[in-house]
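Structure file coords.txt (compact mmCIF, C-alpha atoms and all ligand atoms) follows.
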# COMPACT_ATOMS: atom_id res chain seq x y z
CA MET R 1 -73.54 20.81 149.66
CA ASN R 2 -76.46 22.77 148.20
CA ASP R 3 -78.23 21.11 145.32
CA VAL R 4 -77.90 22.78 141.93
CA THR R 5 -81.18 22.68 140.01
CA ILE R 6 -80.90 21.52 136.42
CA THR R 7 -83.89 21.63 134.09
CA VAL R 8 -84.20 18.44 132.06
CA ILE R 9 -86.07 18.35 128.75
CA PRO R 10 -85.92 14.75 127.51
CA GLY R 11 -87.97 15.66 124.39
CA ASP R 12 -88.80 12.95 121.87
CA GLY R 13 -87.66 9.58 120.54
CA ILE R 14 -84.26 8.49 121.81
CA GLY R 15 -84.02 11.82 123.63
CA LEU R 16 -85.92 10.18 126.49
CA GLU R 17 -83.76 7.05 126.47
CA VAL R 18 -80.38 8.79 126.48
CA THR R 19 -81.37 11.53 128.92
CA GLU R 20 -82.36 8.90 131.48
CA GLN R 21 -78.84 7.47 131.27
CA ALA R 22 -77.27 10.93 131.60
CA MET R 23 -79.34 11.66 134.71
CA LEU R 24 -78.49 8.28 136.27
CA THR R 25 -74.80 8.91 135.63
CA LEU R 26 -74.82 12.43 137.08
CA ASP R 27 -76.83 11.19 140.07
CA GLY R 28 -74.41 8.33 140.65
CA LEU R 29 -71.51 10.77 140.93
CA GLY R 30 -73.17 12.51 143.85
CA ALA R 31 -72.55 15.84 142.14
CA GLY R 32 -75.40 17.45 144.09
CA LEU R 33 -77.68 18.03 141.12
CA ASP R 34 -81.42 18.31 141.53
CA PHE R 35 -83.34 17.60 138.30
CA ASP R 36 -86.49 19.47 137.37
CA VAL R 37 -87.81 17.26 134.58
CA LEU R 38 -90.12 18.93 132.04
CA ASP R 39 -91.36 15.75 130.41
CA HIS R 40 -94.39 17.47 128.92
CA VAL R 41 -92.19 19.50 126.58
CA ASN R 42 -92.47 17.26 123.55
CA ALA R 43 -94.09 16.64 120.18
CA ASP R 44 -97.34 15.36 121.74
CA THR R 45 -97.81 18.68 123.50
CA PHE R 46 -97.02 20.59 120.32
CA LEU R 47 -99.51 18.51 118.33
CA GLU R 48 -102.19 19.04 120.97
CA THR R 49 -101.69 22.70 121.76
CA GLY R 50 -99.50 24.23 119.03
CA VAL R 51 -96.99 25.26 121.71
CA ALA R 52 -94.45 22.92 123.24
CA LEU R 53 -92.49 25.21 125.50
CA SER R 54 -94.80 27.62 127.32
CA ASP R 55 -93.60 30.96 128.65
CA GLU R 56 -93.88 29.52 132.13
CA ASP R 57 -91.62 26.56 131.28
CA PHE R 58 -89.20 28.86 129.52
CA GLU R 59 -88.90 31.07 132.59
CA ARG R 60 -88.62 28.06 134.88
CA ALA R 61 -85.74 26.72 132.78
CA GLY R 62 -84.06 30.13 132.70
CA ARG R 63 -84.19 30.40 136.50
CA SER R 64 -82.41 27.05 136.95
CA GLU R 65 -78.63 26.60 136.85
CA GLY R 66 -78.64 24.94 133.45
CA ILE R 67 -80.56 22.76 131.03
CA LEU R 68 -80.00 19.19 129.93
CA LEU R 69 -81.86 18.37 126.73
CA GLY R 70 -82.31 15.05 124.91
CA ALA R 71 -83.61 15.80 121.44
CA VAL R 72 -86.67 17.32 119.86
CA GLY R 73 -88.17 16.01 116.64
CA ASP R 74 -90.95 13.66 115.64
CA PRO R 75 -91.92 12.34 112.22
CA ARG R 76 -95.54 13.38 112.91
CA VAL R 77 -94.45 17.01 113.16
CA ARG R 78 -93.48 18.52 109.83
CA ASP R 79 -93.80 22.06 111.12
CA PRO R 80 -90.33 23.60 111.75
CA ARG R 81 -91.96 25.84 114.36
CA TYR R 82 -91.65 22.93 116.79
CA ALA R 83 -87.82 22.89 116.94
CA ARG R 84 -87.90 26.68 116.86
CA ASP R 85 -90.39 26.76 119.72
CA VAL R 86 -88.23 24.64 122.00
CA LEU R 87 -84.59 24.41 121.03
CA LEU R 88 -84.04 27.58 119.05
CA ARG R 89 -86.11 29.62 121.51
CA LEU R 90 -83.87 28.50 124.35
CA ARG R 91 -80.71 29.16 122.35
CA PHE R 92 -81.86 32.57 121.09
CA GLU R 93 -83.77 34.00 124.04
CA LEU R 94 -81.25 32.85 126.64
CA ASP R 95 -78.60 34.28 124.27
CA LEU R 96 -76.55 31.05 124.29
CA TYR R 97 -74.32 32.38 121.58
CA VAL R 98 -71.64 29.68 121.60
CA ASN R 99 -72.45 26.14 120.55
CA TYR R 100 -69.36 24.35 121.81
CA ARG R 101 -68.95 20.95 120.16
CA PRO R 102 -65.82 19.05 121.18
CA VAL R 103 -64.72 16.24 118.88
CA LYS R 104 -62.23 13.66 120.08
CA LEU R 105 -61.63 10.18 118.69
CA LEU R 106 -62.94 7.73 121.28
CA HIS R 107 -61.01 4.75 120.00
CA ASP R 108 -58.75 4.11 117.03
CA GLN R 109 -60.95 1.24 115.77
CA LEU R 110 -63.91 3.59 115.40
CA SER R 111 -62.31 5.95 112.90
CA PRO R 112 -63.52 5.59 109.31
CA LEU R 113 -60.15 6.90 108.08
CA ARG R 114 -57.79 4.47 106.34
CA ASP R 115 -54.54 6.08 107.50
CA PRO R 116 -53.94 5.53 111.25
CA ALA R 117 -51.73 8.64 111.42
CA LYS R 118 -54.68 10.80 110.42
CA ARG R 119 -57.20 9.44 112.91
CA ALA R 120 -56.47 11.21 116.18
CA ILE R 121 -59.03 13.98 115.81
CA ASP R 122 -59.16 16.22 118.89
CA CYS R 123 -60.72 19.58 118.16
CA VAL R 124 -63.62 21.83 119.07
CA ILE R 125 -66.17 23.30 116.75
CA VAL R 126 -67.34 26.68 118.03
CA ARG R 127 -70.60 27.27 116.23
CA GLU R 128 -72.28 30.68 116.28
CA ASN R 129 -75.65 29.88 117.80
CA THR R 130 -77.97 32.89 117.66
CA GLU R 131 -77.93 34.26 114.13
CA GLY R 132 -77.12 33.25 110.54
CA LEU R 133 -79.78 31.45 108.56
CA TYR R 134 -81.56 30.41 111.74
CA VAL R 135 -83.10 33.81 112.53
CA ASP R 136 -86.38 33.03 110.74
CA ILE R 137 -86.46 36.19 108.69
CA GLY R 138 -87.89 35.67 105.26
CA GLY R 139 -91.06 34.79 103.52
CA ALA R 140 -92.70 33.10 100.61
CA LEU R 141 -94.76 34.41 97.75
CA ARG R 142 -96.78 33.08 94.84
CA ARG R 143 -97.21 29.80 96.71
CA GLY R 144 -98.54 26.94 94.63
CA SER R 145 -97.46 28.40 91.29
CA VAL R 146 -94.32 27.81 89.24
CA HIS R 147 -93.27 31.26 90.40
CA GLU R 148 -93.29 30.20 94.04
CA THR R 149 -90.45 31.97 95.79
CA ALA R 150 -88.94 31.27 99.20
CA ILE R 151 -86.55 33.59 100.96
CA ASP R 152 -84.53 32.99 104.12
CA THR R 153 -82.31 35.82 105.19
CA GLU R 154 -78.90 35.12 106.64
CA VAL R 155 -78.11 37.59 109.40
CA SER R 156 -74.62 38.31 110.73
CA THR R 157 -74.09 41.13 113.18
CA TYR R 158 -70.91 42.83 114.27
CA LEU R 159 -71.61 42.02 117.92
CA GLY R 160 -72.70 38.44 117.21
CA VAL R 161 -69.67 37.55 115.08
CA SER R 162 -67.17 39.45 117.24
CA ARG R 163 -68.18 37.71 120.45
CA VAL R 164 -68.08 34.20 119.02
CA VAL R 165 -64.67 34.63 117.36
CA GLU R 166 -63.42 36.21 120.58
CA PHE R 167 -64.60 33.14 122.51
CA ALA R 168 -62.87 30.83 120.02
CA LEU R 169 -59.60 32.76 120.22
CA SER R 170 -59.72 32.79 124.01
CA SER R 171 -60.30 29.02 124.16
CA ALA R 172 -57.62 28.02 121.62
CA ARG R 173 -55.08 25.48 122.68
CA ARG R 174 -52.92 25.62 119.55
CA GLU R 175 -54.72 27.39 116.76
CA VAL R 176 -58.05 28.76 115.61
CA CYS R 177 -59.36 28.24 112.11
CA MET R 178 -62.13 30.59 110.99
CA VAL R 179 -64.39 29.02 108.39
CA ASP R 180 -66.65 31.06 106.12
CA LYS R 181 -67.67 31.40 102.50
CA SER R 182 -66.54 34.97 102.01
CA ASN R 183 -65.51 34.27 98.41
CA ALA R 184 -69.18 33.94 97.47
CA VAL R 185 -71.31 35.29 100.30
CA ARG R 186 -70.10 38.84 100.09
CA HIS R 187 -71.80 40.80 102.85
CA GLY R 188 -71.90 38.30 105.70
CA GLY R 189 -68.53 36.90 104.66
CA GLY R 190 -67.05 40.40 104.68
CA LEU R 191 -68.32 41.01 108.19
CA TRP R 192 -66.91 37.69 109.42
CA GLN R 193 -63.53 38.62 107.89
CA LYS R 194 -63.56 42.04 109.53
CA CYS R 195 -64.54 40.76 112.99
CA TRP R 196 -62.03 37.93 112.72
CA HIS R 197 -59.11 40.21 111.88
CA GLN R 198 -60.05 42.72 114.57
CA ALA R 199 -60.42 40.09 117.30
CA ALA R 200 -57.37 38.14 116.14
CA SER R 201 -55.15 41.20 116.51
CA ARG R 202 -55.83 40.98 120.25
CA TYR R 203 -54.45 37.40 120.35
CA PRO R 204 -50.99 37.69 118.80
CA ASP R 205 -49.88 34.43 120.42
CA VAL R 206 -52.68 32.28 118.96
CA ARG R 207 -51.94 30.72 115.59
CA ARG R 208 -54.67 31.57 113.13
CA LYS R 209 -55.86 30.28 109.82
CA HIS R 210 -58.80 30.78 107.54
CA LEU R 211 -60.50 28.28 105.24
CA TYR R 212 -63.54 28.42 103.01
CA VAL R 213 -66.14 25.94 104.21
CA ASP R 214 -65.89 23.62 101.21
CA VAL R 215 -62.16 23.15 101.70
CA ALA R 216 -62.60 22.89 105.47
CA ALA R 217 -64.94 19.90 104.94
CA MET R 218 -62.40 18.27 102.61
CA ARG R 219 -59.48 18.91 104.99
CA LEU R 220 -61.44 17.54 107.95
CA VAL R 221 -61.75 14.22 106.12
CA ALA R 222 -58.23 14.29 104.65
CA ASP R 223 -56.48 15.01 107.94
CA PRO R 224 -58.56 16.04 110.94
CA THR R 225 -55.49 16.16 113.18
CA GLN R 226 -54.59 19.55 111.68
CA PHE R 227 -57.53 21.22 113.47
CA ASP R 228 -57.67 22.58 116.99
CA VAL R 229 -60.52 25.12 117.29
CA ILE R 230 -62.81 25.81 114.35
CA VAL R 231 -65.08 28.86 114.55
CA THR R 232 -67.88 29.27 112.07
CA ASN R 233 -71.44 30.37 111.51
CA ASN R 234 -74.61 28.61 112.57
CA SER R 235 -75.23 26.51 109.44
CA TYR R 236 -71.66 25.58 108.66
CA GLY R 237 -71.17 24.66 112.32
CA ASP R 238 -74.25 22.44 112.21
CA ILE R 239 -72.98 20.55 109.17
CA LEU R 240 -69.28 20.33 110.10
CA SER R 241 -70.12 19.07 113.59
CA ASP R 242 -72.02 16.03 112.29
CA LEU R 243 -69.17 15.34 109.86
CA ALA R 244 -66.54 15.66 112.58
CA ALA R 245 -68.61 13.55 115.01
CA GLN R 246 -68.58 10.66 112.57
CA LEU R 247 -64.80 10.98 112.15
CA ALA R 248 -64.47 10.74 115.93
CA GLY R 249 -66.36 7.49 116.25
CA GLY R 250 -69.98 8.32 115.67
CA LEU R 251 -72.76 10.85 116.01
CA GLY R 252 -74.18 8.93 118.97
CA ALA R 253 -71.24 9.92 121.17
CA ALA R 254 -71.00 13.59 120.20
CA ALA R 255 -71.67 16.11 122.96
CA SER R 256 -72.40 19.81 122.95
CA ALA R 257 -72.81 22.83 125.19
CA ASN R 258 -74.87 25.84 124.17
CA ILE R 259 -73.43 28.54 126.38
CA ASN R 260 -73.40 32.20 127.14
CA PRO R 261 -69.81 32.71 128.33
CA ASP R 262 -70.78 36.04 129.92
CA THR R 263 -73.58 34.71 132.16
CA GLY R 264 -72.25 31.16 132.46
CA PHE R 265 -75.70 29.75 131.66
CA GLY R 266 -75.81 26.71 129.41
CA LEU R 267 -77.97 24.15 127.66
CA TYR R 268 -76.26 20.78 127.27
CA GLU R 269 -77.38 18.27 124.66
CA PRO R 270 -76.04 15.53 122.45
CA VAL R 271 -75.36 16.63 118.88
CA HIS R 272 -77.70 13.96 117.49
CA GLY R 273 -81.46 14.18 117.13
CA SER R 274 -84.39 12.02 118.21
CA ALA R 275 -83.45 9.19 115.78
CA PRO R 276 -86.99 7.96 115.02
CA ASP R 277 -85.48 5.06 113.05
CA ILE R 278 -84.16 3.43 116.24
CA ALA R 279 -86.35 4.98 118.96
CA GLY R 280 -87.77 2.35 121.28
CA THR R 281 -85.39 -0.40 120.11
CA GLY R 282 -82.84 0.07 122.90
CA ARG R 283 -80.09 0.73 120.35
CA ALA R 284 -79.53 4.39 121.16
CA ASN R 285 -76.00 5.22 122.22
CA PRO R 286 -76.21 7.15 125.50
CA LEU R 287 -72.62 8.47 125.33
CA GLY R 288 -73.44 11.77 123.59
CA ALA R 289 -75.97 12.63 126.31
CA ILE R 290 -73.71 11.44 129.12
CA LEU R 291 -70.72 13.36 127.76
CA SER R 292 -72.94 16.44 127.45
CA GLY R 293 -73.59 15.96 131.16
CA ALA R 294 -69.81 16.05 131.64
CA LEU R 295 -69.70 19.43 129.88
CA LEU R 296 -72.35 20.64 132.33
CA LEU R 297 -70.20 19.43 135.22
CA ASP R 298 -67.23 21.34 133.75
CA ARG R 299 -69.31 24.51 133.80
CA ILE R 300 -70.35 24.18 137.43
CA GLY R 301 -66.79 23.53 138.51
CA ARG R 302 -66.99 19.76 138.91
CA THR R 303 -64.13 19.08 136.52
CA ALA R 304 -62.85 16.01 138.37
CA GLU R 305 -66.22 14.29 137.95
CA ALA R 306 -66.40 15.44 134.31
CA ASP R 307 -62.94 14.02 133.60
CA ALA R 308 -63.96 10.77 135.29
CA ILE R 309 -66.93 10.45 132.90
CA ARG R 310 -64.71 11.09 129.86
CA LYS R 311 -62.20 8.51 131.05
CA ALA R 312 -64.95 5.97 131.68
CA ALA R 313 -66.31 6.60 128.16
CA ASP R 314 -62.90 5.85 126.62
CA ASP R 315 -62.67 2.77 128.78
CA VAL R 316 -66.04 1.25 127.87
CA VAL R 317 -65.49 1.90 124.18
CA ALA R 318 -62.03 0.30 124.31
CA ARG R 319 -63.59 -2.80 125.88
CA GLY R 320 -66.51 -2.90 123.43
CA ARG R 321 -68.97 -2.30 126.29
CA CYS R 322 -71.12 -0.07 124.11
CA THR R 323 -74.08 0.06 121.73
CA PRO R 324 -74.09 -1.42 118.18
CA ASP R 325 -73.28 1.90 116.46
CA MET R 326 -69.85 1.69 118.13
CA GLY R 327 -69.35 -2.00 117.52
CA GLY R 328 -70.75 -3.29 120.81
CA GLU R 329 -73.81 -5.36 121.60
CA LEU R 330 -75.22 -3.54 124.61
CA MET R 331 -78.63 -1.92 124.85
CA THR R 332 -78.89 1.74 125.89
CA ALA R 333 -79.46 1.04 129.58
CA GLN R 334 -76.71 -1.60 129.69
CA ALA R 335 -74.25 0.77 128.00
CA GLY R 336 -75.11 3.46 130.56
CA ALA R 337 -74.65 0.97 133.40
CA ALA R 338 -71.31 -0.19 131.93
CA LEU R 339 -70.06 3.38 131.92
CA ARG R 340 -71.18 3.91 135.50
CA ALA R 341 -69.42 0.70 136.52
CA ALA R 342 -66.22 2.03 134.92
CA LEU R 343 -66.32 5.27 136.89
P1 LIG N 1 -80.62 12.07 114.01
O1 LIG N 1 -79.39 12.63 114.60
O2 LIG N 1 -81.77 11.90 114.90
O3 LIG N 1 -80.26 10.65 113.38
C1 LIG N 1 -79.33 10.49 112.31
C2 LIG N 1 -78.86 9.04 112.23
O4 LIG N 1 -77.97 8.77 113.31
C3 LIG N 1 -80.00 8.02 112.36
O5 LIG N 1 -79.75 6.91 111.54
C4 LIG N 1 -79.95 7.61 113.83
O6 LIG N 1 -80.43 6.32 114.08
C5 LIG N 1 -78.46 7.74 114.14
N1 LIG N 1 -78.27 8.14 115.54
C6 LIG N 1 -78.49 9.38 116.05
N2 LIG N 1 -78.25 9.38 117.36
C7 LIG N 1 -77.89 8.12 117.70
C8 LIG N 1 -77.53 7.50 118.92
N3 LIG N 1 -77.49 8.18 120.07
N4 LIG N 1 -77.22 6.19 118.90
C9 LIG N 1 -77.22 5.49 117.76
N5 LIG N 1 -77.56 6.03 116.56
C10 LIG N 1 -77.89 7.33 116.54
O7 LIG N 1 -80.98 12.97 112.74
P2 LIG N 1 -82.32 13.00 111.85
O8 LIG N 1 -82.78 11.61 111.59
O9 LIG N 1 -82.01 13.88 110.72
O10 LIG N 1 -83.36 13.76 112.76
C11 LIG N 1 -84.42 13.13 113.50
C12 LIG N 1 -85.20 14.22 114.21
O11 LIG N 1 -84.38 14.83 115.23
C13 LIG N 1 -85.64 15.37 113.30
O12 LIG N 1 -86.90 15.79 113.72
C14 LIG N 1 -84.59 16.46 113.55
O13 LIG N 1 -85.08 17.75 113.29
C15 LIG N 1 -84.34 16.25 115.03
N6 LIG N 1 -83.04 16.75 115.51
C16 LIG N 1 -83.04 17.29 116.76
C17 LIG N 1 -81.85 17.71 117.33
C18 LIG N 1 -81.88 18.30 118.70
O14 LIG N 1 -82.90 18.28 119.37
N7 LIG N 1 -80.80 18.85 119.18
C19 LIG N 1 -80.64 17.53 116.63
C20 LIG N 1 -80.68 16.95 115.37
C21 LIG N 1 -81.88 16.55 114.81
C1 LIG N 2 -78.49 20.61 116.06
C2 LIG N 2 -79.77 20.35 115.31
C3 LIG N 2 -80.65 21.58 115.26
C4 LIG N 2 -79.84 22.66 114.56
C5 LIG N 2 -82.01 21.38 114.59
C6 LIG N 2 -82.83 20.34 115.29
C7 LIG N 2 -82.80 22.67 114.51
O1 LIG N 2 -79.48 19.84 114.04
O2 LIG N 2 -78.56 20.94 117.26
O3 LIG N 2 -77.41 20.47 115.49
O4 LIG N 2 -79.78 22.71 113.33
O5 LIG N 2 -79.26 23.48 115.26
MN MN N 3 -77.37 19.40 113.74

Please go through the file and, once you have read it, give me the structure as structure tokens.
Amino acid sequence: MNDVTITVIPGDGIGLEVTEQAMLTLDGLGAGLDFDVLDHVNADTFLETGVALSDEDFERAGRSEGILLGAVGDPRVRDPRYARDVLLRLRFELDLYVNYRPVKLLHDQLSPLRDPAKRAIDCVIVRENTEGLYVDIGGALRRGSVHETAIDTEVSTYLGVSRVVEFALSSARREVCMVDKSNAVRHGGGLWQKCWHQAASRYPDVRRKHLYVDVAAMRLVADPTQFDVIVTNNSYGDILSDLAAQLAGGLGAAASANINPDTGFGLYEPVHGSAPDIAGTGRANPLGAILSGALLLDRIGRTAEADAIRKAADDVVARGRCTPDMGGELMTAQAGAALRAAL
């Protein structure tokens, strides 16, 4: 079996700790992955040089079969250009236009919801990943005065919205819910509505619904079982995916795949960040990173191994063999080892 080269960017903080566990797990499965670890892509490099991901590293990552990323972010770096330089550059320039964030309750005990009938969340958030408020178009004027003005432009394009709603409709199991704020955000909202109706007409068999984002947030908490696939813009997807992750047992176990469905290329990363508050304490939950590895395996056709990881994750959580955020007492490396033992 030929090795598939995966670029690994552990990043900062707990990114390093959880990525190590993801690599050990993928290695242990004998899935034939060869890791090209770019451990110099981090906040130290950005602080030293002003650039964290060089053109050479970017091209190297793009030539591999996929990217596994831990997290980028460091309290010493206030400059948003850092995340833009690494994470958003990869998402934008590799045109990874779908941020696929599955959300499934890991164990009943972990749900914060009072009513057991409402706990079984099992949905996917399909977040538009290349436009919206993240495009970095804007500016500031009259800095330092009471007239200081800051402008960030939200960009929605016909192509960008059409392709992401198309992906959501084509991956629906039961229903797709499009979430926007078209009652207040007139131009972008109008374009989302238009693209949604046009694409939806090609999927007559998929049940469809539309919610404004405020109500979608409320309904997710009231009864998450009513959702199957949610498609929404970059910012709403960012916010709803942290909310949904917590409903499913915790941010530490939430996985994601940034993908271009046309090329098949993907960047796989936990939904969480570098968690400076617990970095270095051994309390980081490795499940989000490991389950992101399972999404990578899905993409390269190793679905049996991916399913085995997901089953092992359910198993360790059910037995309390997990980190403190999920009610266990294990350290990061022990939790990773427990999952591997359950495979
Ligand atoms: P965060 O996701 O890092 O942490 C939020 C809270 O959740 C913290 O209390 C943290 O301890 C906890 N948490 C997160 N992951 C956990 C895990 N695996 N196990 C146990 N607990 C976990 O969000 P933040 O504190 O807002 O951001 C910290 C830094 O990470 C910032 O610089 C931010 O920009 C960056 N960030 C990066 C990514 C990414 O690289 N994809 C994603 C989100 C945030
Ligand atoms: C995420 C993160 C990033 C985002 C940040 C770090 C720029 O929160 O992947 O959800 O907002 O996309
Ligand atoms: Mn986020």

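CA of Val165 (chain R) is found 10.6 Å from CA of Val179 (chain R).
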
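Interatomic distance, CA of Met218 (chain R) to CA of Arg173 (chain R): 22.5 Å.
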
Of the residues R:Leu240, R:Val231, R:Ala253, R:Leu291, which is the one nearest to ligand MN 3 (chain N), using all atoms listed in the file? R:Leu240

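Residue nearest Gly132 (chain R) within the list R:Val229, R:Ala245, R:Ala31, R:Val155: R:Val155 [criterion: smallest interatomic distance, only C-alpha atoms].
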
Contacts with ligand MN 3 (chain N) at most 12 Å, all atoms listed in the file counted, listed as a ChimeraX atom specification: /R:71-73,83,87-88,99,101,127,129,134,234-245,251,254-256,269-274

Do you have the CA of Met331 (chain R)-CA of Pro286 (chain R) distance handy? 9.4 Å

Show which residues sit within 8 Å of Leu343 (chain R), as a PyMOL selection string. Count all atoms listed in the file, and ignore same-chain residues fewer than 2 positions away. chain R and resi 308-309+311-312+339-341

Is it possible to get the residues within 9 Å of (-77.4, 12.2, 130.3) (coordinates as in the file, counting all atoms listed in the file) written as an MDAnalysis selection string? chainID R and resid 18:26 68:70 269:270 286:294

With distances taken over only C-alpha atoms and all ligand atoms, which residue among R:Phe167, R:Tyr268, R:Phe58, R:Tyr212 lies nearest ligand LIG 2 (chain N)? R:Tyr268

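Comparing the minimum interatomic distances between Glu128 (chain R) and each of R:Thr263, R:Ser162, R:Thr149, R:Thr303, counting only C-alpha atoms, we find that R:Ser162 sits nearest.
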
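Between Ile230 (chain R) and the residues R:Ser171, R:Asn285, R:Ser111, R:Gln193, the shortest atom-to-atom distance, using all atoms listed in the file, involves R:Ser171.
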
Quick one: axis-aligned box around all listed atoms of region 274-281 of chain R, 5 Å on every side, centre and edge lengths in Å to one decimal, written as JSON.
{"center_x": -85.6, "center_y": 5.8, "center_z": 117.2, "size_x": 14.3, "size_y": 22.4, "size_z": 18.2}

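Nearest residue to Arg119 (chain R), choosing from R:Leu94, R:Met326, R:Leu247, R:Val86 and counting all atoms listed in the file: R:Leu247.
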
If we count only C-alpha atoms, what is near region 195-205 of chain R at a cut-off of 9 Å, once residues fewer than 4 positions away on the same chain are taken out, given as an mmCIF file with C-alpha atoms, in the coordinates of the input?
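Printed below is selection-v1.cif as written:
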data_model
loop_
_atom_site.group_PDB
_atom_site.id
_atom_site.type_symbol
_atom_site.label_atom_id
_atom_site.label_comp_id
_atom_site.auth_asym_id
_atom_site.auth_seq_id
_atom_site.Cartn_x
_atom_site.Cartn_y
_atom_site.Cartn_z
ATOM 1 C CA TYR R 158 -70.910 42.830 114.270
ATOM 2 C CA LEU R 159 -71.610 42.020 117.920
ATOM 3 C CA VAL R 161 -69.670 37.550 115.080
ATOM 4 C CA SER R 162 -67.170 39.450 117.240
ATOM 5 C CA ARG R 163 -68.180 37.710 120.450
ATOM 6 C CA VAL R 165 -64.670 34.630 117.360
ATOM 7 C CA GLU R 166 -63.420 36.210 120.580
ATOM 8 C CA LEU R 169 -59.600 32.760 120.220
ATOM 9 C CA SER R 170 -59.720 32.790 124.010
ATOM 10 C CA MET R 178 -62.130 30.590 110.990
ATOM 11 C CA GLY R 190 -67.050 40.400 104.680
ATOM 12 C CA LEU R 191 -68.320 41.010 108.190
#
